[in-house]
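Reproduced below: coords31.cif, with mmCIF, C-alpha atoms.
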```cif
data_start
loop_
_atom_site.label_atom_id
_atom_site.label_comp_id
_atom_site.auth_asym_id
_atom_site.auth_seq_id
_atom_site.Cartn_x
_atom_site.Cartn_y
_atom_site.Cartn_z
CA MET A 93 -53.59 34.60 -2.80
CA PRO A 94 -50.51 32.51 -1.84
CA ARG A 95 -48.95 30.49 -4.65
CA LYS A 96 -49.16 26.72 -4.47
CA CYS A 97 -46.11 24.51 -4.86
CA GLU A 98 -45.56 23.72 -8.55
CA ILE A 99 -44.64 20.11 -7.73
CA CYS A 100 -47.15 18.89 -5.13
CA HIS A 101 -49.82 21.54 -5.92
CA ASP A 102 -50.85 21.39 -2.28
CA ALA A 103 -48.50 23.14 0.12
CA ARG A 104 -47.63 26.82 -0.07
CA ALA A 105 -44.64 27.71 -2.20
CA ILE A 106 -42.01 29.38 0.00
CA LEU A 107 -38.98 29.55 -2.32
CA ARG A 108 -37.99 29.84 -5.96
CA ARG A 109 -35.31 27.42 -7.10
CA PRO A 110 -32.31 29.30 -8.54
CA LYS A 111 -31.60 26.32 -10.79
CA THR A 112 -35.01 25.96 -12.46
CA GLY A 113 -37.08 28.95 -11.37
CA GLN A 114 -39.78 26.66 -9.91
CA ARG A 115 -41.80 27.95 -6.96
CA ILE A 116 -41.95 25.08 -4.48
CA CYS A 117 -42.50 24.19 -0.85
CA ASN A 118 -39.88 23.08 1.69
CA GLU A 119 -40.54 19.35 1.48
CA CYS A 120 -40.56 19.27 -2.31
CA PHE A 121 -37.31 21.25 -2.37
CA PHE A 122 -35.66 18.74 -0.02
CA TYR A 123 -36.93 15.86 -2.15
CA VAL A 124 -35.82 17.21 -5.54
CA PHE A 125 -32.43 18.33 -4.21
CA GLU A 126 -31.70 14.93 -2.66
CA THR A 127 -33.08 13.09 -5.70
CA GLU A 128 -30.86 15.04 -8.10
CA VAL A 129 -27.79 14.17 -6.01
CA HIS A 130 -28.92 10.52 -5.91
CA ASN A 131 -29.33 10.51 -9.70
CA THR A 132 -25.84 11.98 -10.12
CA ILE A 133 -24.41 9.21 -7.91
CA ILE A 134 -26.27 6.44 -9.74
CA GLN A 135 -25.73 7.70 -13.28
CA SER A 136 -22.02 8.27 -12.68
CA LYS A 137 -21.66 4.92 -10.83
CA LEU A 138 -19.64 6.59 -8.09
CA PHE A 139 -19.73 3.81 -5.49
CA ARG A 140 -19.89 0.06 -5.03
CA ARG A 141 -21.64 -1.69 -2.19
CA GLY A 142 -19.29 -2.07 0.78
CA ASP A 143 -17.08 0.90 -0.16
CA ARG A 144 -15.45 2.86 2.65
CA VAL A 145 -16.16 6.49 1.72
CA GLY A 146 -14.50 9.51 3.30
CA ILE A 147 -16.43 12.78 3.29
CA GLY A 148 -14.11 15.77 3.05
CA ALA A 149 -15.37 17.81 6.01
CA SER A 150 -14.40 21.43 6.65
CA GLY A 151 -17.39 22.47 8.73
CA GLY A 152 -18.64 24.80 5.96
CA LYS A 153 -22.03 24.67 4.30
CA ASP A 154 -20.99 22.47 1.36
CA SER A 155 -19.31 19.71 3.36
CA THR A 156 -21.96 19.79 6.11
CA VAL A 157 -24.79 19.42 3.58
CA LEU A 158 -22.77 16.71 1.82
CA ALA A 159 -22.38 14.73 5.06
CA HIS A 160 -26.11 15.08 5.80
CA VAL A 161 -27.19 14.10 2.27
CA MET A 162 -24.72 11.21 1.97
CA LYS A 163 -25.92 9.73 5.27
CA THR A 164 -29.57 10.26 4.25
CA LEU A 165 -29.18 8.69 0.80
CA ASN A 166 -27.04 5.84 2.09
CA GLU A 167 -29.84 4.86 4.46
CA ARG A 168 -32.74 5.64 2.10
CA HIS A 169 -31.38 3.81 -0.94
CA ALA A 170 -29.32 1.17 0.86
CA TYR A 171 -26.02 2.02 -0.85
CA GLY A 172 -24.23 -0.16 1.68
CA LEU A 173 -21.44 2.38 2.25
CA GLU A 174 -19.30 2.81 5.34
CA LEU A 175 -19.01 6.58 5.82
CA PHE A 176 -16.23 8.56 7.53
CA LEU A 177 -15.53 12.26 8.06
CA LEU A 178 -12.05 13.34 6.95
CA SER A 179 -10.83 16.84 7.85
CA VAL A 180 -7.65 18.81 7.20
CA ASP A 181 -6.33 21.29 9.76
CA GLU A 182 -4.35 23.84 7.76
CA GLY A 183 -3.29 25.71 10.88
CA ILE A 184 -5.16 29.01 10.44
CA ALA A 185 -5.78 30.52 13.87
CA GLY A 186 -9.23 32.01 14.38
CA TYR A 187 -10.63 30.20 11.35
CA ARG A 188 -9.84 26.52 10.99
CA ASP A 189 -9.71 25.82 14.71
CA ASP A 190 -13.26 27.19 15.02
CA SER A 191 -14.56 25.35 11.95
CA LEU A 192 -13.13 22.06 13.23
CA GLU A 193 -15.27 22.44 16.34
CA THR A 194 -18.26 22.38 13.97
CA VAL A 195 -16.90 19.22 12.33
CA LYS A 196 -16.59 17.57 15.73
CA ARG A 197 -20.24 18.41 16.43
CA ASN A 198 -21.19 16.99 13.03
CA LYS A 199 -19.37 13.81 13.98
CA THR A 200 -21.73 13.41 16.94
CA GLN A 201 -24.82 14.57 15.07
CA TYR A 202 -24.34 12.10 12.20
CA ALA A 203 -22.67 9.36 14.26
CA LEU A 204 -19.74 9.13 11.84
CA PRO A 205 -16.05 8.42 12.68
CA LEU A 206 -13.76 11.42 12.22
CA LEU A 207 -10.08 11.71 11.32
CA ILE A 208 -8.29 15.07 11.36
CA VAL A 209 -4.89 15.44 9.68
CA SER A 210 -2.85 18.63 10.00
CA TYR A 211 -0.31 20.44 7.83
CA GLU A 212 2.00 20.95 10.78
CA GLN A 213 2.31 17.25 11.53
CA LEU A 214 2.35 16.14 7.89
CA TYR A 215 4.69 18.82 6.54
CA GLY A 216 6.09 20.70 9.54
CA TRP A 217 4.42 23.96 8.44
CA SER A 218 1.11 25.57 9.35
CA MET A 219 -0.60 27.97 6.94
CA ASP A 220 -0.05 30.82 9.39
CA ALA A 221 3.70 30.10 9.27
CA ILE A 222 3.64 29.82 5.48
CA VAL A 223 1.81 33.14 5.08
CA GLU A 224 4.29 34.78 7.44
CA THR A 225 7.05 33.56 5.11
CA VAL A 226 5.56 34.07 1.62
CA GLY A 227 3.05 36.86 2.22
CA ARG A 228 -0.60 36.92 1.22
CA LYS A 229 -0.26 36.99 -2.55
CA ASN A 230 0.40 33.33 -3.39
CA ASN A 231 -0.50 31.56 -0.15
CA CYS A 232 -3.56 29.82 -1.67
CA THR A 233 -1.24 27.90 -4.00
CA PHE A 234 0.47 26.29 -1.01
CA CYS A 235 -2.81 25.56 0.74
CA GLY A 236 -4.48 23.96 -2.30
CA VAL A 237 -1.51 21.72 -3.09
CA PHE A 238 -0.98 20.61 0.50
CA ARG A 239 -4.70 20.05 1.15
CA ARG A 240 -5.14 17.76 -1.87
CA GLN A 241 -2.21 15.63 -0.76
CA ALA A 242 -3.29 15.70 2.91
CA LEU A 243 -6.71 14.31 1.95
CA ASP A 244 -5.06 11.41 0.15
CA ARG A 245 -2.78 10.75 3.11
CA GLY A 246 -5.78 10.73 5.43
CA ALA A 247 -7.68 8.43 3.07
CA LEU A 248 -4.84 5.90 3.17
CA MET A 249 -4.69 6.09 6.97
CA LEU A 250 -8.37 5.10 7.02
CA ASP A 251 -8.02 2.62 4.13
CA LEU A 252 -10.77 4.35 2.18
CA ASP A 253 -12.03 3.26 -1.23
CA HIS A 254 -13.34 6.68 -2.18
CA ILE A 255 -13.30 10.36 -1.17
CA VAL A 256 -16.22 12.71 -1.78
CA THR A 257 -15.88 16.48 -1.60
CA GLY A 258 -18.47 19.26 -1.45
CA HIS A 259 -17.42 20.98 -4.68
CA ASN A 260 -20.60 22.34 -6.25
CA ALA A 261 -21.61 23.53 -9.72
CA ASP A 262 -20.38 27.06 -9.00
CA ASP A 263 -16.95 25.70 -7.96
CA VAL A 264 -16.68 23.59 -11.12
CA ALA A 265 -17.67 26.50 -13.38
CA GLU A 266 -15.17 28.80 -11.63
CA THR A 267 -12.40 26.22 -12.10
CA ILE A 268 -13.20 25.92 -15.81
CA LEU A 269 -12.98 29.71 -16.18
CA MET A 270 -9.71 29.87 -14.21
CA ASN A 271 -8.10 27.19 -16.38
CA LEU A 272 -9.31 28.95 -19.54
CA PHE A 273 -7.89 32.27 -18.34
CA ARG A 274 -4.54 30.61 -17.55
CA GLY A 275 -4.49 28.46 -20.68
CA ASP A 276 -3.97 25.38 -18.52
CA ILE A 277 -4.92 22.63 -20.99
CA PRO A 278 -4.12 19.57 -18.80
CA ARG A 279 -6.20 20.86 -15.88
CA LEU A 280 -8.98 22.05 -18.20
CA GLY A 281 -9.37 18.50 -19.43
CA ARG A 282 -9.60 17.11 -15.88
CA CYS A 283 -11.58 19.73 -13.98
CA THR A 284 -14.96 18.76 -15.46
CA GLU A 285 -14.60 15.08 -14.59
CA ILE A 286 -16.89 14.02 -11.76
CA VAL A 287 -14.34 11.42 -10.63
CA THR A 288 -10.60 12.11 -10.45
CA THR A 289 -7.68 10.47 -8.67
CA GLY A 290 -5.29 12.13 -6.26
CA ASP A 291 -2.38 9.78 -5.62
CA GLY A 292 -3.44 7.63 -8.57
CA PHE A 293 -5.16 5.01 -6.43
CA ILE A 294 -8.05 6.54 -4.49
CA PRO A 295 -10.94 7.98 -6.57
CA ARG A 296 -12.24 11.38 -5.55
CA SER A 297 -15.68 12.52 -6.70
CA LYS A 298 -18.06 15.50 -6.57
CA PRO A 299 -21.67 14.40 -5.92
CA PHE A 300 -22.66 18.11 -5.92
CA LYS A 301 -21.20 18.74 -9.37
CA TYR A 302 -24.57 19.92 -10.72
CA ALA A 303 -25.91 21.46 -7.48
CA TYR A 304 -26.04 25.25 -7.31
CA GLU A 305 -24.34 26.90 -4.36
CA LYS A 306 -27.47 28.97 -3.63
CA GLU A 307 -29.52 25.78 -3.30
CA ILE A 308 -26.96 24.23 -0.95
CA VAL A 309 -27.24 27.35 1.23
CA MET A 310 -31.05 27.09 1.12
CA TYR A 311 -30.92 23.41 2.06
CA ALA A 312 -28.59 24.05 5.01
CA TYR A 313 -30.72 26.96 6.22
CA LEU A 314 -34.11 25.25 5.87
CA LYS A 315 -32.80 22.02 7.43
CA ARG A 316 -31.21 24.07 10.25
CA LEU A 317 -27.91 22.26 9.82
CA ASP A 318 -24.96 23.10 12.04
CA TYR A 319 -22.26 24.66 9.85
CA PHE A 320 -19.49 27.27 9.99
CA SER A 321 -19.98 30.29 7.72
CA THR A 322 -16.91 32.50 8.20
CA GLU A 323 -14.68 33.02 5.15
CA CYS A 324 -11.04 31.96 5.28
CA THR A 325 -8.75 34.68 6.62
CA TYR A 326 -6.50 34.51 3.57
CA SER A 327 -9.04 33.94 0.76
CA PRO A 328 -9.87 37.57 -0.20
CA ASN A 329 -6.66 37.73 -2.25
CA ALA A 330 -7.25 34.40 -4.02
CA TYR A 331 -7.35 34.32 -7.83
CA ARG A 332 -10.54 32.26 -7.64
CA GLY A 333 -12.33 35.28 -6.18
CA TYR A 334 -12.07 37.11 -9.50
CA ALA A 335 -13.48 34.14 -11.41
CA ARG A 336 -16.31 33.96 -8.85
CA GLU A 337 -17.22 37.63 -9.35
CA PHE A 338 -17.20 37.17 -13.14
CA LEU A 339 -19.42 34.09 -12.84
CA LYS A 340 -21.92 35.91 -10.61
CA ASP A 341 -22.14 38.71 -13.19
CA LEU A 342 -22.87 36.14 -15.89
CA GLU A 343 -25.49 34.42 -13.73
CA SER A 344 -27.26 37.73 -13.08
CA VAL A 345 -28.02 38.09 -16.81
CA ARG A 346 -28.38 34.38 -17.61
CA SER A 347 -29.52 32.06 -14.82
CA THR A 348 -28.30 28.95 -16.67
CA ALA A 349 -24.75 30.31 -17.10
CA ILE A 350 -23.28 27.99 -14.45
CA LEU A 351 -24.55 24.77 -16.04
CA ASP A 352 -23.85 26.13 -19.53
CA ILE A 353 -20.18 26.60 -18.64
CA ILE A 354 -19.98 23.10 -17.12
CA HIS A 355 -21.56 21.47 -20.17
CA SER A 356 -19.24 23.48 -22.46
CA GLY A 357 -16.26 22.30 -20.45
CA GLU A 358 -17.45 18.70 -20.67
CA ALA A 359 -17.76 19.03 -24.45
CA MET A 360 -14.19 20.32 -24.88
CA ARG A 361 -11.70 17.85 -26.27
CA VAL A 362 -7.95 18.23 -26.36
CA ALA A 363 -6.59 17.61 -29.86
CA SER A 364 -4.69 14.35 -30.23
CA SER A 365 -1.70 16.32 -31.50
CA VAL A 366 -1.32 18.08 -28.13
CA GLN A 367 1.31 16.37 -26.01
CA LEU A 368 0.11 16.16 -22.40
CA PRO A 369 2.37 15.40 -19.40
CA THR A 370 2.83 11.73 -18.61
CA PRO A 371 1.79 10.87 -15.04
CA ALA A 372 4.53 9.29 -12.94
CA GLN A 373 5.48 9.24 -9.26
CA CYS A 374 7.40 11.81 -7.27
CA GLU A 375 10.94 10.59 -6.59
CA ARG A 376 10.81 11.90 -3.04
CA CYS A 377 7.33 11.10 -1.65
CA GLY A 378 5.76 8.76 -4.23
CA TYR A 379 2.79 11.04 -4.98
CA LEU A 380 1.36 11.29 -8.49
CA SER A 381 3.43 13.78 -10.50
CA SER A 382 4.36 14.57 -14.09
CA ASN A 383 7.82 15.76 -12.94
CA ALA A 384 10.64 14.27 -10.91
CA LEU A 385 9.31 16.08 -7.82
CA CYS A 386 5.65 16.73 -7.13
CA LYS A 387 4.40 20.26 -6.52
CA ALA A 388 4.13 19.70 -2.77
CA CYS A 389 7.76 18.61 -2.49
CA VAL A 390 8.94 21.58 -4.57
CA LEU A 391 6.97 24.02 -2.41
CA LEU A 392 8.26 22.39 0.79
CA GLU A 393 11.83 22.50 -0.48
CA GLY A 394 11.46 26.19 -1.23
CA LEU A 395 10.14 26.89 2.27
CA GLU A 396 12.92 24.90 3.95
CA ARG A 397 15.66 26.54 1.84
CA GLY A 398 14.39 30.07 2.41
CA LEU A 399 13.21 30.30 -1.22
CA PRO A 400 9.43 30.39 -0.62
CA LYS A 401 8.54 31.44 -4.18
CA LEU A 402 10.62 28.71 -5.78
CA GLY A 403 7.60 26.65 -6.84
CA ILE A 404 5.55 29.69 -7.86
CA ASP A 405 7.75 32.08 -9.85
CA ARG A 406 9.63 29.29 -11.65
CA SER A 407 8.47 26.51 -13.93
CA ALA A 408 8.56 23.00 -12.50
CA ARG A 409 11.68 22.15 -14.52
CA GLN A 410 13.52 25.34 -13.50
CA ALA A 411 12.62 24.83 -9.85
CA GLN A 412 13.93 21.28 -9.84
CA GLN A 413 17.16 22.33 -11.57
CA ILE A 414 17.70 24.96 -8.84
CA ILE A 415 17.00 22.38 -6.13
CA ALA A 416 19.45 19.91 -7.70
CA ALA A 417 22.19 22.53 -8.05
CA ASP A 418 21.64 23.86 -4.54
CA SER A 419 21.69 20.35 -3.08
CA ALA A 420 25.04 19.63 -4.73
CA ASN A 421 26.65 22.79 -3.35
CA ALA A 422 25.16 23.00 0.12
CA ASP A 423 24.62 20.90 3.20
CA PRO A 424 21.45 18.81 3.21
CA VAL A 425 18.36 20.62 4.46
CA VAL A 426 17.29 19.52 7.93
CA ARG A 427 13.49 19.31 7.84
CA ALA A 428 11.22 19.56 10.85
CA VAL A 429 9.11 16.77 9.34
CA GLU A 430 9.92 14.39 6.51
CA PRO A 431 6.59 13.45 4.83
CA VAL A 432 5.99 9.70 4.91
CA HIS A 433 6.39 8.07 1.50
CA PHE A 434 3.10 7.23 -0.18
CA GLU A 435 4.22 3.69 -0.92
CA ARG A 436 4.52 3.06 2.80
CA LEU A 437 1.04 4.48 3.34
CA ARG A 438 -0.34 2.22 0.61
CA GLN A 439 1.31 -0.83 2.13
CA LYS A 440 -0.16 0.05 5.51
CA ALA A 441 -3.60 0.49 3.97
CA LEU A 442 -3.36 -2.91 2.26
CA ALA A 443 -2.30 -4.55 5.53
CA MET A 444 -5.21 -2.92 7.35
CA ARG A 445 -7.63 -4.14 4.70
CA GLU A 446 -6.28 -7.68 4.88
CA ARG A 447 -6.69 -7.77 8.66
CA ARG A 448 -10.17 -6.32 8.44
CA LEU A 449 -11.31 -8.81 5.81
CA ASN A 450 -9.86 -11.62 7.91
CA GLY A 451 -11.74 -10.35 10.95
CA SER A 452 -8.57 -9.81 12.95
CA ASP A 453 -8.84 -6.00 13.16
CA ALA A 454 -12.04 -5.74 15.20
CA ALA A 455 -10.28 -4.17 18.15
CA HIS A 456 -8.51 -1.61 15.97
CA PRO A 457 -10.89 -0.68 13.13
CA GLN A 458 -8.96 2.34 11.89
CA SER A 459 -5.40 1.15 11.31
CA SER A 460 -2.37 -0.40 12.91
CA ALA A 461 0.80 1.58 13.40
CA CYS A 462 0.51 5.21 12.39
CA ALA A 463 2.14 5.97 9.05
CA GLY A 464 0.51 9.33 8.71
CA CYS A 465 3.11 11.60 10.22
CA ALA A 466 6.78 11.57 11.10
CA ASN A 467 6.43 12.22 14.81
CA SER A 468 8.72 9.98 16.82
CA CYS A 469 5.78 9.15 19.11
CA CYS A 470 4.17 6.95 16.51
CA ASN A 471 6.21 6.76 13.31
CA PRO A 472 7.09 3.08 12.74
CA ASP A 473 10.21 4.14 10.85
CA SER A 474 11.55 6.09 13.81
CA ASP A 475 14.20 4.62 16.09
CA ASN A 476 12.24 6.14 18.97
CA SER A 477 8.97 4.45 18.04
CA ASN A 478 7.63 2.82 21.17
CA ASP A 479 4.07 1.96 20.26
CA ASN A 480 3.69 0.27 16.91
CA ASP A 481 0.11 -0.74 17.63
CA LYS A 482 -1.35 2.76 17.80
CA ASP A 483 -4.28 3.38 15.45
CA VAL A 484 -3.25 6.82 14.22
CA CYS A 485 -1.25 9.55 15.88
CA ALA A 486 -3.33 10.75 18.81
CA CYS A 487 -2.09 14.31 18.40
CA MET A 488 -3.55 14.65 14.92
CA SER A 489 -6.77 12.71 14.97
CA ASP A 490 -10.15 12.13 16.54
CA THR A 491 -11.19 8.71 15.34
CA THR A 492 -13.68 7.49 17.87
CA ALA A 493 -17.07 6.63 16.41
#
```
Just give me the structure as structure tokens.
Amino acid sequence: MPRKCEICHDARAILRRPKTGQRICNECFFYVFETEVHNTIIQSKLFRRGDRVGIGASGGKDSTVLAHVMKTLNERHAYGLELFLLSVDEGIAGYRDDSLETVKRNKTQYALPLLIVSYEQLYGWSMDAIVETVGRKNNCTFCGVFRRQALDRGALMLDLDHIVTGHNADDVAETILMNLFRGDIPRLGRCTEIVTTGDGFIPRSKPFKYAYEKEIVMYAYLKRLDYFSTECTYSPNAYRGYAREFLKDLESVRSTAILDIIHSGEAMRVASSVQLPTPAQCERCGYLSSNALCKACVLLEGLERGLPKLGIDRSARQAQQIIAADSANADPVVRAVEPVHFERLRQKALAMRERRLNGSDAAHPQSSACAGCANSCCNPDSDNSNDNDKDVCACMSDTTA
């Protein structure tokens, strides 16, 4: 005899929740999954009415489900949010170009504005070019650092109040394990927080912090959502993969291992006697940094100087000493792209907000002059700038609603 759903006791149970072990029907699964995300949002007070929220969209299952659930909950519970899709094009041929096609379809399916920012236009390097230079061993370090900063740059271009990402419970547990294995105390203290800040101004949160990856896959499959499922070309060599395998082994013998690790991480406290780095701003780009130069600027400097492992094999202090000494003894490095200073981006975002609140930005809802890249076609700082009223650089975005 078929089992009945343990929640509604009416419909046939068609799945067993990995998180709780309950046997439930489709509709009850959708309801409890969405309700748990809603409770996480409300209990953590993630948003305020009227917030402009950017959904980090890669086209994968996590971000696609996040976009669907955020739109659903925003309408169901009247959050009063203005939602956007924000994507990063790392420049990985055969992977990211295909996944961005999925994001563009999601834009139409969910009727949400989309902005795409790219590494090549922000930094002058694509991931394919970086991997060709540094090899496959440490390429994920470059990608992670550049992607975090690219999201914040995109958020300022759109004048967002908040960024949400599709990081799930499995991702959080893996990050806790990675930081434990590396003995990275500062990151261990931050990685369990549901809300963090990137450039120090725009909050970034994880509504799926307590959602199991298996349940996100089930939700996407049962809802027949349009998502991209191919793994990144360069990820098989990532350090995170080893933490993921270890976590799956733990989960196979203890189903609650994922949440247990998260709750243990939340309960950890750094002793008051431990001296943590003091946050400041990067001297070159204005991004949040505990050193004179942020990690992105150090990595970029290494690439431009032909020292690609400068920011990986050396400590931050050693790397910056080498850069200072090399700069004093050599001609200045000519960069393909000089990343726009974050203070300029913030000023642009404030000006956009002022115009919008005054009702004078109706014709240009995204932004005024592009401050997102250094291309002469749209960079207001360039002597060749000939169109200071462009929304954002047309070659790096798709912003139509």
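Using all atoms listed in the file, the nearest neighbour of Arg188 of chain A within the list A:Leu269, A:Ser150, A:Phe139, A:Asp251 is A:Ser150.
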At what distance in Å, to one decimal, does atom CA of Thr322 of chain A lie from atom CA of Leu204 of chain A?
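Value for the atom CA of Leu204 of chain A-atom CA of Thr322 of chain A distance: 23.8 Å.
Counting all atoms listed in the file and comparing A:Lys301, A:Arg104, A:Arg448, A:Lys199, the residue that lies closest to Asp318 of chain A is A:Lys199.
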Neighbours of segment 356-362 of chain A within 12 Å (all atoms listed in the file; same-chain residues fewer than 2 positions away dropped), as a PDB file with C-alpha atoms, in the frame of the given file?
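Wrote out33.pdb, looks like this:
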```pdb
ATOM      1  CA  VAL A 264     -16.680  23.590 -11.120  1.00  0.00           C
ATOM      2  CA  ALA A 265     -17.670  26.500 -13.380  1.00  0.00           C
ATOM      3  CA  GLU A 266     -15.170  28.800 -11.630  1.00  0.00           C
ATOM      4  CA  THR A 267     -12.400  26.220 -12.100  1.00  0.00           C
ATOM      5  CA  ILE A 268     -13.200  25.920 -15.810  1.00  0.00           C
ATOM      6  CA  LEU A 269     -12.980  29.710 -16.180  1.00  0.00           C
ATOM      7  CA  MET A 270      -9.710  29.870 -14.210  1.00  0.00           C
ATOM      8  CA  ASN A 271      -8.100  27.190 -16.380  1.00  0.00           C
ATOM      9  CA  LEU A 272      -9.310  28.950 -19.540  1.00  0.00           C
ATOM     10  CA  ASP A 276      -3.970  25.380 -18.520  1.00  0.00           C
ATOM     11  CA  ILE A 277      -4.920  22.630 -20.990  1.00  0.00           C
ATOM     12  CA  PRO A 278      -4.120  19.570 -18.800  1.00  0.00           C
ATOM     13  CA  ARG A 279      -6.200  20.860 -15.880  1.00  0.00           C
ATOM     14  CA  LEU A 280      -8.980  22.050 -18.200  1.00  0.00           C
ATOM     15  CA  GLY A 281      -9.370  18.500 -19.430  1.00  0.00           C
ATOM     16  CA  ARG A 282      -9.600  17.110 -15.880  1.00  0.00           C
ATOM     17  CA  CYS A 283     -11.580  19.730 -13.980  1.00  0.00           C
ATOM     18  CA  THR A 284     -14.960  18.760 -15.460  1.00  0.00           C
ATOM     19  CA  GLU A 285     -14.600  15.080 -14.590  1.00  0.00           C
ATOM     20  CA  ILE A 286     -16.890  14.020 -11.760  1.00  0.00           C
ATOM     21  CA  LYS A 301     -21.200  18.740  -9.370  1.00  0.00           C
ATOM     22  CA  ALA A 349     -24.750  30.310 -17.100  1.00  0.00           C
ATOM     23  CA  ILE A 350     -23.280  27.990 -14.450  1.00  0.00           C
ATOM     24  CA  LEU A 351     -24.550  24.770 -16.040  1.00  0.00           C
ATOM     25  CA  ASP A 352     -23.850  26.130 -19.530  1.00  0.00           C
ATOM     26  CA  ILE A 353     -20.180  26.600 -18.640  1.00  0.00           C
ATOM     27  CA  ILE A 354     -19.980  23.100 -17.120  1.00  0.00           C
ATOM     28  CA  SER A 364      -4.690  14.350 -30.230  1.00  0.00           C
ATOM     29  CA  SER A 365      -1.700  16.320 -31.500  1.00  0.00           C
ATOM     30  CA  VAL A 366      -1.320  18.080 -28.130  1.00  0.00           C
ATOM     31  CA  GLN A 367       1.310  16.370 -26.010  1.00  0.00           C
ATOM     32  CA  LEU A 368       0.110  16.160 -22.400  1.00  0.00           C
TER      33      LEU A 368
END
```
Neighbouring residues of Pro94 of chain A were defined as those with any atom within 10 Å, considering all atoms listed in the file; residues of the same chain fewer than 3 positions away were excluded. Please report them as a PyMOL selection string.
chain A and resi 97+103-106
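Going from atom CA of Glu343 of chain A to atom CA of Lys306 of chain A covers 11.6 Å.
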Segment 375-387 of chain A environment, 6 Å, only C-alpha atoms, sequence neighbours closer than 5 positions dropped, as a short mmCIF file (atom, residue, chain, number, x, y, z; two decimals) with C-alpha atoms, keeping the file's coordinate frame:
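File produced: result_33.cif:
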```cif
data_model
loop_
_atom_site.label_atom_id
_atom_site.label_comp_id
_atom_site.auth_asym_id
_atom_site.auth_seq_id
_atom_site.Cartn_x
_atom_site.Cartn_y
_atom_site.Cartn_z
CA ASP A 291 -2.38 9.78 -5.62
CA PRO A 369 2.37 15.40 -19.40
CA THR A 370 2.83 11.73 -18.61
CA HIS A 433 6.39 8.07 1.50
CA PHE A 434 3.10 7.23 -0.18
#
```
From the options A:Pro328, A:Gly216, A:Pro295, A:Gly146, which residue's atoms come nearest to Gly246 of chain A, counting all atoms listed in the file?
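Result for the nearest residue to Gly246 of chain A: A:Gly146.
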Can you work out the spacing between atom CA of Asp220 of chain A and atom CA of Ala247 of chain A in Å, to one decimal?
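Taking atom CA of Asp220 of chain A as the start and atom CA of Ala247 of chain A as the end point, the length is 24.5 Å.
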Nearest to Thr127 of chain A, chosen from A:Arg109, A:His160, A:His169, A:His259, with all atoms listed in the file counted in the distances:
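Of A:Arg109, A:His160, A:His169, A:His259, the one nearest Thr127 of chain A is A:His169, counting all atoms listed in the file.
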Select, counting all atoms listed in the file, all protein, DNA and RNA residues no farther than 12 Å from (-19.6, 21.5, 17.0) in file coordinates, and express the selection as a ChimeraX atom specification.
/A:150-152,156,189-202,317-320
Using the chain letters and residue numbers of this document, give as a count of residues only the residues selected by the PyMOL selection byres ((chain A and resi 234) around 9).
14
Closest to Glu307 of chain A among A:Val223, A:Ala335, A:Val145, A:Ala261, using all atoms listed in the file?
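Nearest candidate to Glu307 of chain A out of A:Val223, A:Ala335, A:Val145, A:Ala261: A:Ala261.
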Residue IDs satisfying the PyMOL selection byres ((chain A and resi 180) around 9), as an mmCIF file with C-alpha atoms, in the frame of the given file:
```
data_model
loop_
_atom_site.group_PDB
_atom_site.id
_atom_site.type_symbol
_atom_site.label_atom_id
_atom_site.label_comp_id
_atom_site.auth_asym_id
_atom_site.auth_seq_id
_atom_site.Cartn_x
_atom_site.Cartn_y
_atom_site.Cartn_z
ATOM 1 C CA GLY A 148 -14.110 15.770 3.050
ATOM 2 C CA ALA A 149 -15.370 17.810 6.010
ATOM 3 C CA SER A 150 -14.400 21.430 6.650
ATOM 4 C CA LEU A 178 -12.050 13.340 6.950
ATOM 5 C CA SER A 179 -10.830 16.840 7.850
ATOM 6 C CA ASP A 181 -6.330 21.290 9.760
ATOM 7 C CA GLU A 182 -4.350 23.840 7.760
ATOM 8 C CA GLY A 183 -3.290 25.710 10.880
ATOM 9 C CA ARG A 188 -9.840 26.520 10.990
ATOM 10 C CA LEU A 192 -13.130 22.060 13.230
ATOM 11 C CA LEU A 207 -10.080 11.710 11.320
ATOM 12 C CA ILE A 208 -8.290 15.070 11.360
ATOM 13 C CA VAL A 209 -4.890 15.440 9.680
ATOM 14 C CA SER A 210 -2.850 18.630 10.000
ATOM 15 C CA TYR A 211 -0.310 20.440 7.830
ATOM 16 C CA ARG A 239 -4.700 20.050 1.150
ATOM 17 C CA ALA A 242 -3.290 15.700 2.910
ATOM 18 C CA LEU A 243 -6.710 14.310 1.950
ATOM 19 C CA GLY A 246 -5.780 10.730 5.430
#
```
Carefully work through the PyMOL selection byres ((chain A and resi 119) around 12) for this structure and note down the residues it includes, as number ranges by chain.
A: 97, 99-100, 102-107, 116-118, 120-126, 311, 314-315
Any idea what's packed within 10 Å of Gly394 of chain A, counting all atoms listed in the file, ignoring anything in its chain fewer than 3 positions away? Could you give it as a PyMOL selection string?
chain A and resi 388-391+397-404+411+414-415
I need the chosen residues saved as an mmCIF file, keeping the file's coordinate frame, with C-alpha atoms.
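Below is the file out07.cif, written as the result:
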```cif
data_model
loop_
_atom_site.group_PDB
_atom_site.id
_atom_site.type_symbol
_atom_site.label_atom_id
_atom_site.label_comp_id
_atom_site.auth_asym_id
_atom_site.auth_seq_id
_atom_site.Cartn_x
_atom_site.Cartn_y
_atom_site.Cartn_z
ATOM 1 C CA ALA A 388 4.130 19.700 -2.770
ATOM 2 C CA CYS A 389 7.760 18.610 -2.490
ATOM 3 C CA VAL A 390 8.940 21.580 -4.570
ATOM 4 C CA LEU A 391 6.970 24.020 -2.410
ATOM 5 C CA ARG A 397 15.660 26.540 1.840
ATOM 6 C CA GLY A 398 14.390 30.070 2.410
ATOM 7 C CA LEU A 399 13.210 30.300 -1.220
ATOM 8 C CA PRO A 400 9.430 30.390 -0.620
ATOM 9 C CA LYS A 401 8.540 31.440 -4.180
ATOM 10 C CA LEU A 402 10.620 28.710 -5.780
ATOM 11 C CA GLY A 403 7.600 26.650 -6.840
ATOM 12 C CA ILE A 404 5.550 29.690 -7.860
ATOM 13 C CA ALA A 411 12.620 24.830 -9.850
ATOM 14 C CA ILE A 414 17.700 24.960 -8.840
ATOM 15 C CA ILE A 415 17.000 22.380 -6.130
#
```
